[in-house]
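Structure file input14.cif with mmCIF, C-alpha atoms:
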```
data_run
#
loop_
_atom_site.label_atom_id
_atom_site.label_comp_id
_atom_site.auth_asym_id
_atom_site.auth_seq_id
_atom_site.Cartn_x
_atom_site.Cartn_y
_atom_site.Cartn_z
CA MET A 1 0.00 0.00 0.00
CA GLN A 2 1.39 3.41 -0.98
CA SER A 3 0.70 6.86 0.36
CA SER A 4 -1.81 8.90 -1.64
CA ASP A 5 -1.61 12.09 0.47
CA ARG A 6 1.99 13.14 -0.11
CA GLN A 7 1.32 16.86 0.17
CA ALA A 8 0.67 16.59 3.90
CA GLU A 9 3.86 14.60 4.55
CA ALA A 10 7.14 16.09 5.69
CA PRO A 11 9.93 15.78 3.09
CA GLY A 12 13.40 14.44 3.81
CA ARG A 13 14.92 11.58 5.72
CA GLY A 14 14.53 10.88 9.42
CA PRO A 15 11.99 9.23 11.69
CA ARG A 16 8.43 10.22 10.92
CA VAL A 17 6.06 10.39 13.87
CA LEU A 18 2.28 10.70 13.71
CA VAL A 19 0.09 11.66 16.63
CA VAL A 20 -3.53 10.60 16.16
CA GLY A 21 -5.86 12.96 18.03
CA GLY A 22 -5.51 16.68 18.76
CA GLY A 23 -6.85 16.76 22.31
CA ILE A 24 -4.77 17.73 25.34
CA ALA A 25 -2.93 14.36 25.29
CA GLY A 26 -2.07 14.61 21.60
CA LEU A 27 -1.02 18.25 21.83
CA GLY A 28 1.10 17.51 24.89
CA ALA A 29 2.83 14.62 23.13
CA ALA A 30 3.44 16.76 20.05
CA GLN A 31 4.92 19.58 22.12
CA ARG A 32 7.38 17.23 23.81
CA LEU A 33 8.36 15.55 20.54
CA CYS A 34 8.87 18.85 18.73
CA CYS A 35 11.44 19.80 21.35
CA HIS A 36 13.45 16.64 20.65
CA PRO A 37 15.94 16.77 17.75
CA ALA A 38 15.51 13.05 17.08
CA PHE A 39 12.00 13.62 15.69
CA PRO A 40 12.21 16.27 12.96
CA HIS A 41 9.14 15.09 11.05
CA LEU A 42 5.95 15.22 13.08
CA ARG A 43 2.26 15.47 12.22
CA VAL A 44 -0.86 15.57 14.41
CA LEU A 45 -3.97 14.19 12.70
CA GLU A 46 -7.15 15.69 14.17
CA ALA A 47 -10.58 14.45 13.04
CA THR A 48 -12.35 17.78 13.55
CA ALA A 49 -11.72 21.39 12.55
CA ARG A 50 -10.40 22.37 15.99
CA ALA A 51 -7.86 21.20 18.55
CA GLY A 52 -8.47 20.69 22.23
CA GLY A 53 -10.83 17.72 22.32
CA ARG A 54 -12.96 17.89 25.46
CA ILE A 55 -11.34 21.15 26.49
CA ARG A 56 -13.70 23.63 24.90
CA SER A 57 -14.47 27.19 25.96
CA GLU A 58 -17.24 29.21 24.33
CA ARG A 59 -18.48 32.77 24.47
CA SER A 60 -21.92 32.66 26.02
CA PHE A 61 -23.99 34.39 28.72
CA GLY A 62 -21.82 37.47 28.25
CA GLY A 63 -18.55 35.72 29.10
CA VAL A 64 -16.54 32.52 28.82
CA VAL A 65 -18.33 29.23 29.49
CA GLU A 66 -16.57 25.86 29.82
CA VAL A 67 -18.47 23.41 27.65
CA GLY A 68 -15.95 20.69 28.49
CA ALA A 69 -13.26 20.53 31.19
CA HIS A 70 -14.09 22.92 34.02
CA TRP A 71 -11.57 22.96 36.90
CA ILE A 72 -7.97 22.21 37.66
CA HIS A 73 -8.27 19.67 40.46
CA GLY A 74 -5.44 19.88 42.97
CA PRO A 75 -3.78 23.03 41.56
CA SER A 76 -0.29 22.75 43.04
CA GLN A 77 3.28 22.12 41.92
CA GLY A 78 2.75 18.38 41.49
CA ASN A 79 0.03 18.98 38.90
CA PRO A 80 1.37 19.29 35.31
CA VAL A 81 -1.77 21.09 34.12
CA PHE A 82 -1.35 23.68 36.86
CA GLN A 83 2.34 24.07 35.99
CA LEU A 84 1.55 24.73 32.32
CA ALA A 85 -1.30 27.11 33.13
CA ALA A 86 0.95 29.05 35.50
CA LYS A 87 3.77 29.10 32.94
CA TYR A 88 1.46 30.61 30.33
CA GLY A 89 -0.02 33.15 32.74
CA LEU A 90 -3.55 31.76 32.47
CA LEU A 91 -4.50 31.71 36.17
CA GLY A 92 -5.64 34.35 38.62
CA GLU A 93 -3.67 35.65 41.59
CA LYS A 94 -5.64 33.58 44.12
CA ALA A 95 -5.06 30.29 42.28
CA LEU A 96 -1.34 31.01 42.06
CA SER A 97 -0.98 31.90 45.73
CA GLU A 98 0.99 29.56 47.97
CA GLU A 99 -1.93 29.55 50.39
CA ASN A 100 -4.30 28.14 47.76
CA GLN A 101 -1.79 25.51 46.69
CA LEU A 102 -1.41 24.22 50.25
CA ILE A 103 -5.12 23.72 50.99
CA GLU A 104 -5.89 20.05 51.62
CA THR A 105 -9.31 19.11 50.19
CA GLY A 106 -8.76 15.37 50.13
CA GLY A 107 -9.94 15.47 46.53
CA HIS A 108 -13.52 16.02 47.72
CA VAL A 109 -16.12 18.40 46.30
CA GLY A 110 -16.87 21.34 48.60
CA LEU A 111 -20.10 21.68 50.53
CA PRO A 112 -23.05 23.37 48.80
CA SER A 113 -23.91 26.97 49.70
CA VAL A 114 -27.54 25.96 50.06
CA SER A 115 -29.43 22.67 49.93
CA TYR A 116 -33.09 22.57 48.93
CA ALA A 117 -35.41 19.70 49.81
CA SER A 118 -37.36 18.28 46.89
CA SER A 119 -40.61 19.18 48.66
CA GLY A 120 -39.51 22.80 49.10
CA GLY A 121 -37.60 24.65 51.76
CA SER A 122 -33.94 24.42 52.71
CA VAL A 123 -32.11 21.58 54.42
CA SER A 124 -30.09 22.21 57.57
CA PRO A 125 -26.47 23.06 56.59
CA GLU A 126 -25.30 21.33 59.77
CA LEU A 127 -27.01 18.09 58.72
CA VAL A 128 -25.52 18.33 55.22
CA ALA A 129 -22.05 18.92 56.71
CA GLU A 130 -22.46 15.97 59.09
CA MET A 131 -23.34 13.59 56.27
CA ALA A 132 -20.52 14.95 54.10
CA ARG A 133 -18.01 14.27 56.87
CA LEU A 134 -19.29 10.72 57.16
CA PHE A 135 -19.31 10.08 53.43
CA TYR A 136 -15.88 11.53 52.72
CA SER A 137 -14.34 9.74 55.69
CA LEU A 138 -15.60 6.50 54.14
CA ILE A 139 -14.27 7.53 50.71
CA ASP A 140 -10.88 8.10 52.31
CA GLN A 141 -11.06 4.61 53.80
CA THR A 142 -11.67 3.06 50.38
CA ARG A 143 -8.23 4.27 49.25
CA GLU A 144 -6.56 2.18 51.93
CA PHE A 145 -7.21 -1.12 50.16
CA LEU A 146 -4.88 -0.43 47.22
CA HIS A 147 -2.25 -2.98 48.24
CA ALA A 148 -4.45 -5.17 50.44
CA ALA A 149 -4.37 -8.93 49.90
CA GLU A 150 -8.17 -8.93 49.89
CA THR A 151 -10.96 -6.36 50.16
CA PRO A 152 -14.10 -6.39 52.32
CA ALA A 153 -16.27 -5.77 49.24
CA PRO A 154 -15.73 -6.00 45.48
CA SER A 155 -16.79 -2.43 44.67
CA VAL A 156 -16.55 1.04 46.19
CA GLY A 157 -20.35 1.32 46.24
CA GLU A 158 -20.88 -1.93 48.11
CA TYR A 159 -18.24 -1.01 50.67
CA LEU A 160 -19.80 2.43 51.26
CA LYS A 161 -23.29 0.98 51.71
CA LYS A 162 -22.04 -1.66 54.10
CA GLU A 163 -20.37 0.98 56.27
CA ILE A 164 -23.40 3.29 56.14
CA ARG A 165 -25.66 0.50 57.41
CA GLN A 166 -23.34 0.07 60.38
CA HIS A 167 -23.40 3.81 61.14
CA MET A 168 -27.19 3.85 60.88
CA ALA A 169 -27.38 1.56 63.88
CA GLY A 170 -26.20 4.45 66.01
CA TRP A 171 -28.63 7.05 64.64
CA THR A 172 -31.11 8.06 67.32
CA GLU A 173 -33.17 10.68 65.44
CA GLU A 174 -36.76 10.36 64.29
CA GLU A 175 -37.46 8.34 61.16
CA GLU A 176 -38.01 11.45 59.06
CA THR A 177 -34.55 12.77 59.93
CA LYS A 178 -32.99 9.39 59.23
CA ARG A 179 -34.60 9.35 55.78
CA LEU A 180 -33.32 12.87 55.15
CA LYS A 181 -29.80 11.78 56.09
CA LEU A 182 -30.00 8.93 53.59
CA ALA A 183 -31.27 11.32 50.92
CA ILE A 184 -28.27 13.61 51.52
CA LEU A 185 -25.95 10.62 51.31
CA ASN A 186 -27.62 9.60 48.06
CA ASN A 187 -26.73 12.98 46.58
CA LEU A 188 -23.14 12.49 47.69
CA PHE A 189 -23.13 9.14 45.88
CA ASN A 190 -24.30 11.00 42.76
CA VAL A 191 -21.50 13.53 43.16
CA GLU A 192 -18.96 10.73 43.38
CA CYS A 193 -20.45 9.19 40.23
CA CYS A 194 -19.73 12.45 38.41
CA VAL A 195 -16.21 12.57 39.81
CA SER A 196 -15.53 8.97 38.79
CA GLY A 197 -17.42 9.19 35.48
CA THR A 198 -19.66 6.22 36.22
CA HIS A 199 -23.35 5.39 36.44
CA SER A 200 -22.99 3.71 39.84
CA MET A 201 -20.22 3.35 42.39
CA ASP A 202 -21.10 -0.35 42.39
CA LEU A 203 -19.29 -0.46 39.02
CA VAL A 204 -16.04 0.96 40.47
CA ALA A 205 -13.67 -1.69 41.81
CA LEU A 206 -12.57 -1.16 45.40
CA ALA A 207 -9.02 -2.55 45.21
CA PRO A 208 -7.56 -0.09 42.66
CA PHE A 209 -9.60 2.93 43.77
CA GLY A 210 -6.64 4.26 45.75
CA GLU A 211 -4.51 4.55 42.60
CA TYR A 212 -5.87 8.05 42.09
CA THR A 213 -3.36 10.53 43.47
CA VAL A 214 -4.95 13.34 45.48
CA LEU A 215 -3.00 16.59 45.24
CA PRO A 216 -3.26 19.63 47.52
CA GLY A 217 -4.79 22.86 46.30
CA LEU A 218 -8.28 24.32 46.14
CA ASP A 219 -9.81 23.63 42.71
CA CYS A 220 -9.55 26.62 40.39
CA THR A 221 -10.74 27.72 36.96
CA PHE A 222 -9.26 29.65 34.03
CA PRO A 223 -10.49 33.27 34.01
CA GLY A 224 -10.08 33.43 30.25
CA GLY A 225 -11.22 29.89 29.52
CA TYR A 226 -9.64 26.44 29.80
CA GLN A 227 -9.14 26.42 26.03
CA GLY A 228 -6.45 29.04 26.50
CA LEU A 229 -4.21 26.18 27.65
CA THR A 230 -4.59 24.10 24.48
CA ASP A 231 -4.41 27.24 22.33
CA ARG A 232 -1.05 28.12 23.86
CA ILE A 233 0.28 24.58 23.42
CA MET A 234 -0.84 24.56 19.79
CA ALA A 235 0.74 27.98 19.21
CA SER A 236 4.07 26.56 20.39
CA LEU A 237 4.05 23.95 17.61
CA PRO A 238 5.43 24.56 14.12
CA LYS A 239 2.67 25.75 11.79
CA ASP A 240 2.72 22.67 9.56
CA VAL A 241 2.36 20.12 12.40
CA MET A 242 -1.46 20.17 12.78
CA VAL A 243 -3.59 18.52 10.09
CA PHE A 244 -7.30 19.17 10.71
CA ASN A 245 -10.39 17.40 9.37
CA LYS A 246 -8.47 14.13 9.06
CA PRO A 247 -10.47 11.40 10.79
CA VAL A 248 -8.45 8.20 10.87
CA LYS A 249 -10.07 5.03 9.57
CA THR A 250 -7.42 2.36 10.17
CA ILE A 251 -3.91 2.15 11.54
CA HIS A 252 -1.97 -0.50 9.59
CA TRP A 253 0.95 -1.56 11.73
CA ASP A 254 3.62 -4.26 11.79
CA GLY A 255 3.99 -3.91 8.02
CA CYS A 256 6.37 -2.67 5.35
CA PHE A 257 4.99 0.32 3.46
CA GLU A 258 6.54 2.48 0.77
CA GLU A 259 6.06 6.01 -0.46
CA ALA A 260 6.82 7.20 -3.97
CA SER A 261 8.49 10.40 -2.72
CA ALA A 262 10.91 8.38 -0.57
CA PRO A 263 12.30 5.63 -2.84
CA GLY A 264 14.10 2.86 -1.03
CA GLU A 265 12.63 3.75 2.36
CA THR A 266 10.08 1.58 4.12
CA PHE A 267 7.75 2.41 6.98
CA PRO A 268 6.34 -0.06 9.57
CA VAL A 269 3.09 1.89 9.98
CA LEU A 270 0.55 3.37 7.58
CA VAL A 271 -2.30 5.52 8.88
CA GLU A 272 -5.31 5.42 6.55
CA CYS A 273 -7.83 8.26 6.81
CA GLU A 274 -11.54 8.28 6.08
CA ASP A 275 -11.01 10.44 2.98
CA GLY A 276 -8.60 7.89 1.47
CA GLY A 277 -5.43 9.77 2.38
CA CYS A 278 -2.55 7.71 3.79
CA PHE A 279 0.34 8.74 6.04
CA PRO A 280 3.34 6.40 6.35
CA ALA A 281 5.29 6.64 9.59
CA HIS A 282 7.95 5.04 11.70
CA HIS A 283 6.07 5.69 14.94
CA VAL A 284 2.41 6.48 15.77
CA VAL A 285 1.14 7.85 19.09
CA VAL A 286 -2.60 7.14 19.50
CA THR A 287 -4.42 9.57 21.81
CA VAL A 288 -8.05 9.09 20.75
CA PRO A 289 -10.77 8.93 23.46
CA LEU A 290 -11.45 5.61 25.15
CA GLY A 291 -15.08 5.68 23.99
CA PHE A 292 -13.93 5.94 20.38
CA LEU A 293 -11.50 3.06 20.87
CA LYS A 294 -14.26 0.88 22.29
CA GLU A 295 -16.54 1.56 19.32
CA ARG A 296 -13.89 1.09 16.64
CA LEU A 297 -11.60 -1.49 18.23
CA ASP A 298 -12.39 -4.24 15.70
CA THR A 299 -11.55 -2.10 12.66
CA PHE A 300 -9.22 0.65 13.89
CA PHE A 301 -6.07 -1.50 14.01
CA GLU A 302 -4.85 -3.86 11.30
CA PRO A 303 -3.73 -6.39 12.31
CA PRO A 304 -5.82 -6.37 15.50
CA LEU A 305 -4.15 -5.42 18.75
CA PRO A 306 -2.75 -8.22 20.92
CA THR A 307 -5.45 -9.92 22.96
CA GLU A 308 -4.32 -8.52 26.30
CA LYS A 309 -4.41 -4.93 25.01
CA ALA A 310 -7.78 -5.37 23.32
CA GLU A 311 -9.23 -6.91 26.47
CA ALA A 312 -7.91 -4.04 28.59
CA ILE A 313 -9.67 -1.52 26.32
CA ARG A 314 -12.93 -3.49 26.46
CA LYS A 315 -12.88 -3.84 30.25
CA ILE A 316 -12.01 -0.27 31.25
CA GLY A 317 -15.19 1.51 32.25
CA PHE A 318 -16.26 4.63 30.38
CA GLY A 319 -19.21 6.66 31.61
CA THR A 320 -21.07 9.79 30.50
CA ASN A 321 -20.99 13.20 32.15
CA ASN A 322 -23.12 16.09 30.93
CA LYS A 323 -23.39 19.76 31.77
CA ILE A 324 -26.55 21.84 31.68
CA PHE A 325 -26.37 25.63 31.56
CA LEU A 326 -29.34 27.72 32.67
CA GLU A 327 -29.47 31.50 32.35
CA PHE A 328 -31.81 33.56 34.53
CA GLU A 329 -32.98 37.12 34.05
CA GLU A 330 -32.99 37.46 37.84
CA PRO A 331 -31.14 35.08 40.17
CA PHE A 332 -33.23 33.37 42.86
CA TRP A 333 -30.09 32.64 44.91
CA GLN A 334 -28.20 34.86 47.33
CA PRO A 335 -25.27 36.99 46.05
CA ASP A 336 -22.67 34.92 47.93
CA CYS A 337 -24.11 31.57 46.75
CA GLN A 338 -21.70 29.37 44.77
CA HIS A 339 -23.24 25.89 44.77
CA ILE A 340 -26.90 24.82 44.95
CA GLN A 341 -27.90 21.27 45.85
CA VAL A 342 -31.28 19.54 45.57
CA VAL A 343 -31.95 16.72 48.06
CA TRP A 344 -34.61 14.26 46.96
CA ARG A 345 -36.32 13.01 50.10
CA ASP A 346 -37.54 9.79 48.50
CA THR A 347 -34.04 8.58 47.54
CA SER A 348 -31.55 6.42 49.41
CA PRO A 349 -28.26 4.78 48.42
CA LEU A 350 -29.41 1.64 50.25
CA GLU A 351 -32.41 1.08 47.98
CA ASP A 352 -31.80 -0.77 44.71
CA ALA A 353 -35.21 -0.12 43.16
CA ALA A 354 -34.75 2.31 40.25
CA PRO A 355 -37.71 4.30 38.87
CA LYS A 356 -38.19 4.70 35.15
CA LEU A 357 -35.71 7.11 33.64
CA GLN A 358 -38.39 9.27 32.04
CA ASP A 359 -39.92 9.87 35.46
CA ALA A 360 -36.79 10.56 37.50
CA TRP A 361 -33.73 11.24 35.31
CA PHE A 362 -33.35 14.72 36.83
CA LYS A 363 -32.86 13.25 40.32
CA LYS A 364 -29.33 12.28 39.27
CA LEU A 365 -28.40 15.98 38.98
CA VAL A 366 -25.78 16.61 41.63
CA GLY A 367 -26.58 20.31 41.81
CA PHE A 368 -25.86 23.62 40.13
CA TRP A 369 -22.76 25.82 40.31
CA VAL A 370 -23.19 29.58 39.99
CA LEU A 371 -21.20 30.97 37.08
CA PRO A 372 -19.59 34.43 37.14
CA SER A 373 -22.03 37.17 36.18
CA PHE A 374 -19.57 38.75 33.71
CA GLY A 375 -21.00 42.14 34.70
CA ARG A 376 -24.48 41.31 33.38
CA ALA A 377 -27.75 41.64 35.22
CA SER A 378 -28.66 38.08 34.30
CA GLN A 379 -26.81 35.11 35.79
CA ALA A 380 -26.28 31.47 34.88
CA LEU A 381 -26.06 28.11 36.60
CA CYS A 382 -24.15 25.03 35.49
CA GLY A 383 -25.63 21.66 36.44
CA PHE A 384 -23.83 18.30 36.34
CA ILE A 385 -25.34 14.88 35.69
CA ALA A 386 -23.75 11.47 35.07
CA GLY A 387 -24.62 7.91 34.15
CA LEU A 388 -27.59 6.41 32.35
CA GLU A 389 -29.75 9.35 33.40
CA SER A 390 -27.30 11.63 31.62
CA GLU A 391 -27.54 9.54 28.45
CA PHE A 392 -31.32 9.47 28.68
CA MET A 393 -31.41 13.25 28.94
CA GLU A 394 -29.66 13.45 25.58
CA THR A 395 -32.61 11.67 23.94
CA LEU A 396 -35.17 14.20 25.18
CA SER A 397 -36.52 17.11 23.18
CA ASP A 398 -35.60 20.66 24.05
CA GLU A 399 -39.07 21.23 25.45
CA ASP A 400 -38.94 18.18 27.71
CA VAL A 401 -35.59 19.16 29.24
CA LEU A 402 -36.71 22.72 29.83
CA LEU A 403 -40.01 21.63 31.34
CA SER A 404 -38.43 19.13 33.74
CA LEU A 405 -35.77 21.50 35.04
CA THR A 406 -38.20 24.39 35.34
CA GLN A 407 -40.56 22.26 37.41
CA VAL A 408 -37.70 21.08 39.65
CA LEU A 409 -36.42 24.57 40.38
CA ARG A 410 -39.89 25.99 40.97
CA ARG A 411 -40.71 23.13 43.30
CA VAL A 412 -37.62 23.44 45.48
CA THR A 413 -37.27 27.23 45.60
CA ALA A 414 -40.92 28.28 45.62
CA PRO A 415 -43.30 25.51 46.73
CA GLY A 416 -46.87 25.93 45.62
CA PRO A 417 -48.40 27.42 42.49
CA VAL A 418 -45.92 30.32 42.25
CA CYS A 419 -44.85 30.86 38.63
CA ARG A 420 -41.38 32.21 37.95
CA GLY A 421 -40.95 32.86 34.26
CA SER A 422 -37.27 33.63 34.68
CA HIS A 423 -36.65 29.92 35.22
CA THR A 424 -37.03 29.11 31.54
CA PRO A 425 -34.63 31.19 29.48
CA ASP A 426 -31.54 29.77 27.81
CA VAL A 427 -30.11 26.25 28.13
CA LEU A 428 -26.91 24.82 26.72
CA LEU A 429 -26.44 21.05 26.83
CA HIS A 430 -23.02 19.50 26.45
CA HIS A 431 -23.18 15.98 25.11
CA ALA A 432 -20.70 13.16 25.53
CA ARG A 433 -19.37 13.55 22.00
CA SER A 434 -18.09 17.04 22.72
CA SER A 435 -20.93 18.60 20.77
CA ALA A 436 -23.25 21.32 22.00
CA VAL A 437 -26.79 22.32 21.17
CA ARG A 438 -28.56 25.48 22.24
CA LEU A 439 -32.09 25.22 23.52
CA GLU A 440 -34.32 28.27 23.55
CA GLY A 441 -36.81 28.49 26.38
CA GLY A 442 -40.10 30.29 26.16
#
```
Would you put the structure from the file into structure tokens?
Amino acid sequence: MQSSDRQAEAPGRGPRVLVVGGGIAGLGAAQRLCCHPAFPHLRVLEATARAGGRIRSERSFGGVVEVGAHWIHGPSQGNPVFQLAAKYGLLGEKALSEENQLIETGGHVGLPSVSYASSGGSVSPELVAEMARLFYSLIDQTREFLHAAETPAPSVGEYLKKEIRQHMAGWTEEEETKRLKLAILNNLFNVECCVSGTHSMDLVALAPFGEYTVLPGLDCTFPGGYQGLTDRIMASLPKDVMVFNKPVKTIHWDGCFEEASAPGETFPVLVECEDGGCFPAHHVVVTVPLGFLKERLDTFFEPPLPTEKAEAIRKIGFGTNNKIFLEFEEPFWQPDCQHIQVVWRDTSPLEDAAPKLQDAWFKKLVGFWVLPSFGRASQALCGFIAGLESEFMETLSDEDVLLSLTQVLRRVTAPGPVCRGSHTPDVLLHHARSSAVRLEGG
């Protein structure tokens, strides 16, 4: 097989390296390789018209909105993303301060500013804090089984539920308060599902859970947008390195391929693109998303990958996280509010019965984070949802999503037949495929 896309290839002798995928991993690999004199001929093949992958910042609501990646978790010197962002001058003074870098969060999400009960009214902040202390102490315990010969439960979820049942034995409150405690814990389970990118913590193995390294530092954002990071990395690359709109069809490896413009030279790899173009190379770095690999595993590599590698790709879990953006003409929250949580009184992590998705998908929402006002009178919230409920939401019409969320917010913030028209303006949904669709509310 010979190359048919010679114009995109680098001329001259020397190792040719291809990076497949222009997300943060691909850009990072390209940046390192470009700095090495042993790899003078490098190309990055990106399927879309833009670089950055799931890092995507957009102008909306009068400012910058993160459609993809949102925070730097553990922004301190041990975090390479933080180091790059600091190097490029992309962070604010507070995030760069030594004080912020030394804060120990344990890798846990901060407490909500306010918690609303599903029936209306607020939930005691002291009760929410008590349950958060319990839950996160148990999460910390799960990390202790990393090198254990055996674990007390196969999954993180089963271990947490087992421990919660034991703690319940010491609860002396009335039944209503006990149910409220379980409902708060259920929301914390949902938060952890978002953090771990899974539908259920029962799907997350207990033994390797401690492999995740928790770094110090209070989570921070990019004032000018997360995409500034990938834009700066891309700007550091030679202009001819990026090749856009080049979705790869098949990577032919372990072969002997020739190119007419390089007589006498053979290449062990040939990357075939969907448009018929072919790129011969000595080395290929594959940085495509895991979800893509799972879908295309049987056809993406020729010959197929070794059995152990293919099995590893098939077995690694890959969940769905979605964001929902709501803009309000007038905020219903207090000026100092940063995080709003909804506690569904009829939920419990100890109950396996699952209602139909169409009736309760919105109960998987972990809450809403208040976005900066960008100097506008209107303000916006960003909601997070994970798992099968997140995937089900993607199948709904614009009207159904707007109606469900409007009803939820009206119910929890203003019980009774009070109508707040400002709860149905503008919604932006971010789907798992890094695409976005704007929904207009009436």
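The space between atom CA of Ala148 of chain A and atom CA of Tyr212 of chain A spans 15.7 Å.
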If we count all atoms listed in the file, what is near segment 330-345 of chain A at a cut-off of 7 Å, once residues fewer than 6 positions away on the same chain are taken out, given as a count of residues only? 21
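Nearest to Leu229 of chain A of all the residues A:Cys256, A:Leu91, A:Ala47, A:Leu102 is A:Leu91, counting all atoms listed in the file.
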Could you list the residues chosen by the PyMOL selection byres ((chain A and resi 263-269) around 9) in this structure as a PyMOL selection string? chain A and resi 13+16+251-262+270-271+279-284
Keeping only C-alpha atoms, write the selected residues as a tab-separated table (two decimals), in the coordinates of the input.
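And here's out08.tsv as it stands now:
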```
chain	number	residue	atom	x	y	z
A	13	ARG	CA	14.92	11.58	5.72
A	16	ARG	CA	8.43	10.22	10.92
A	251	ILE	CA	-3.91	2.15	11.54
A	252	HIS	CA	-1.97	-0.50	9.59
A	253	TRP	CA	0.95	-1.56	11.73
A	254	ASP	CA	3.62	-4.26	11.79
A	255	GLY	CA	3.99	-3.91	8.02
A	256	CYS	CA	6.37	-2.67	5.35
A	257	PHE	CA	4.99	0.32	3.46
A	258	GLU	CA	6.54	2.48	0.77
A	259	GLU	CA	6.06	6.01	-0.46
A	260	ALA	CA	6.82	7.20	-3.97
A	261	SER	CA	8.49	10.40	-2.72
A	262	ALA	CA	10.91	8.38	-0.57
A	270	LEU	CA	0.55	3.37	7.58
A	271	VAL	CA	-2.30	5.52	8.88
A	279	PHE	CA	0.34	8.74	6.04
A	280	PRO	CA	3.34	6.40	6.35
A	281	ALA	CA	5.29	6.64	9.59
A	282	HIS	CA	7.95	5.04	11.70
A	283	HIS	CA	6.07	5.69	14.94
A	284	VAL	CA	2.41	6.48	15.77
```
The PyMOL selection byres ((chain A and resi 24) around 7) resolved against shown file, as a VMD selection string: chain A and resid 22 to 23 25 to 28 52 to 53 230
Could you tell me how far atom CA of Val44 of chain A lies from atom CA of Leu18 of chain A, in Å and to one decimal? 5.8 Å
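Interatomic distance, atom CA of Phe300 of chain A against atom CA of Val20 of chain A: 11.7 Å.
Using only C-alpha atoms, the protein and nucleic acid residues lying no more than 6 Å from segment 213-222 of chain A, apart from those fewer than 4 places from it along its own chain, are Trp71, Ile72, His73, Gly74, Pro75, Ser76, Leu91, Asn100, Gln101, Leu102, Ile103, Glu104, Gly107 and Tyr226 of chain A.
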Would you mind listing what lies within 7 Å of Asp202 of chain A as a PyMOL selection string, with only C-alpha atoms counted and same-chain residues fewer than 2 positions away left out? chain A and resi 155-158+200+204
List as JSON lines every residue of segment 345-403 of chain A that is in contact with segment 318-327 of chain A, defined as an atom at most 10 Å from one of its atoms (using all atoms listed in the file), together with the nearest atom pair and the distance in Å rounded to one decimal, sorted by chain and then rising number.
```
{"residue": "A:Leu365", "atom": "CA", "partner": "A:Ile324", "partner_atom": "CA", "distance": 9.5}
{"residue": "A:Phe368", "atom": "CA", "partner": "A:Ile324", "partner_atom": "CA", "distance": 8.7}
{"residue": "A:Trp369", "atom": "CA", "partner": "A:Phe325", "partner_atom": "CA", "distance": 9.5}
{"residue": "A:Val370", "atom": "CA", "partner": "A:Leu326", "partner_atom": "CA", "distance": 9.7}
{"residue": "A:Leu371", "atom": "CA", "partner": "A:Phe325", "partner_atom": "CA", "distance": 9.3}
{"residue": "A:Ser378", "atom": "CA", "partner": "A:Glu327", "partner_atom": "CA", "distance": 6.9}
{"residue": "A:Gln379", "atom": "CA", "partner": "A:Glu327", "partner_atom": "CA", "distance": 5.7}
{"residue": "A:Ala380", "atom": "CA", "partner": "A:Glu327", "partner_atom": "CA", "distance": 4.1}
{"residue": "A:Leu381", "atom": "CA", "partner": "A:Leu326", "partner_atom": "CA", "distance": 5.1}
{"residue": "A:Cys382", "atom": "CA", "partner": "A:Phe325", "partner_atom": "CA", "distance": 4.6}
{"residue": "A:Gly383", "atom": "CA", "partner": "A:Ile324", "partner_atom": "CA", "distance": 4.9}
{"residue": "A:Phe384", "atom": "CA", "partner": "A:Lys323", "partner_atom": "CA", "distance": 4.8}
{"residue": "A:Ile385", "atom": "CA", "partner": "A:Asn322", "partner_atom": "CA", "distance": 5.4}
{"residue": "A:Ala386", "atom": "CA", "partner": "A:Asn321", "partner_atom": "CA", "distance": 4.4}
{"residue": "A:Gly387", "atom": "CA", "partner": "A:Thr320", "partner_atom": "CA", "distance": 5.4}
{"residue": "A:Leu388", "atom": "CA", "partner": "A:Thr320", "partner_atom": "CA", "distance": 7.6}
{"residue": "A:Glu389", "atom": "CA", "partner": "A:Thr320", "partner_atom": "CA", "distance": 9.2}
{"residue": "A:Ser390", "atom": "CA", "partner": "A:Asn322", "partner_atom": "CA", "distance": 6.2}
{"residue": "A:Glu391", "atom": "CA", "partner": "A:Thr320", "partner_atom": "CA", "distance": 6.8}
{"residue": "A:Met393", "atom": "CA", "partner": "A:Asn322", "partner_atom": "CA", "distance": 9.0}
{"residue": "A:Glu394", "atom": "CA", "partner": "A:Asn322", "partner_atom": "CA", "distance": 8.9}
{"residue": "A:Val401", "atom": "CA", "partner": "A:Ile324", "partner_atom": "CA", "distance": 9.7}
{"residue": "A:Leu402", "atom": "CA", "partner": "A:Leu326", "partner_atom": "CA", "distance": 9.3}
```
I need the output of the PyMOL selection byres ((chain A and resi 298) around 12) for this file as an MDAnalysis selection string; which residues are they? chainID A and resid 249:251 292:297 299:307 310:311 313:314
Distance query Thr142 of chain A at most 7 Å, all atoms listed in the file, self and fewer than 6 positions along chain excluded, as a PDB file with C-alpha atoms, in the frame of the given file:
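Saved to part.pdb:
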```pdb
ATOM      1  CA  VAL A 156     -16.550   1.040  46.190  1.00  0.00           C
ATOM      2  CA  LEU A 206     -12.570  -1.160  45.400  1.00  0.00           C
ATOM      3  CA  PHE A 209      -9.600   2.930  43.770  1.00  0.00           C
ATOM      4  CA  GLY A 210      -6.640   4.260  45.750  1.00  0.00           C
TER       5      GLY A 210
END
```
Using all atoms listed in the file for the distances, tell me which of A:Leu290, A:Pro355, A:Phe244, A:Phe328 is nearest to Cys273 of chain A. A:Phe244
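Minimum distance to Val64 of chain A across A:Gly317, A:Pro154, A:Gly225, A:Gly110 (counting only C-alpha atoms) occurs at A:Gly225.
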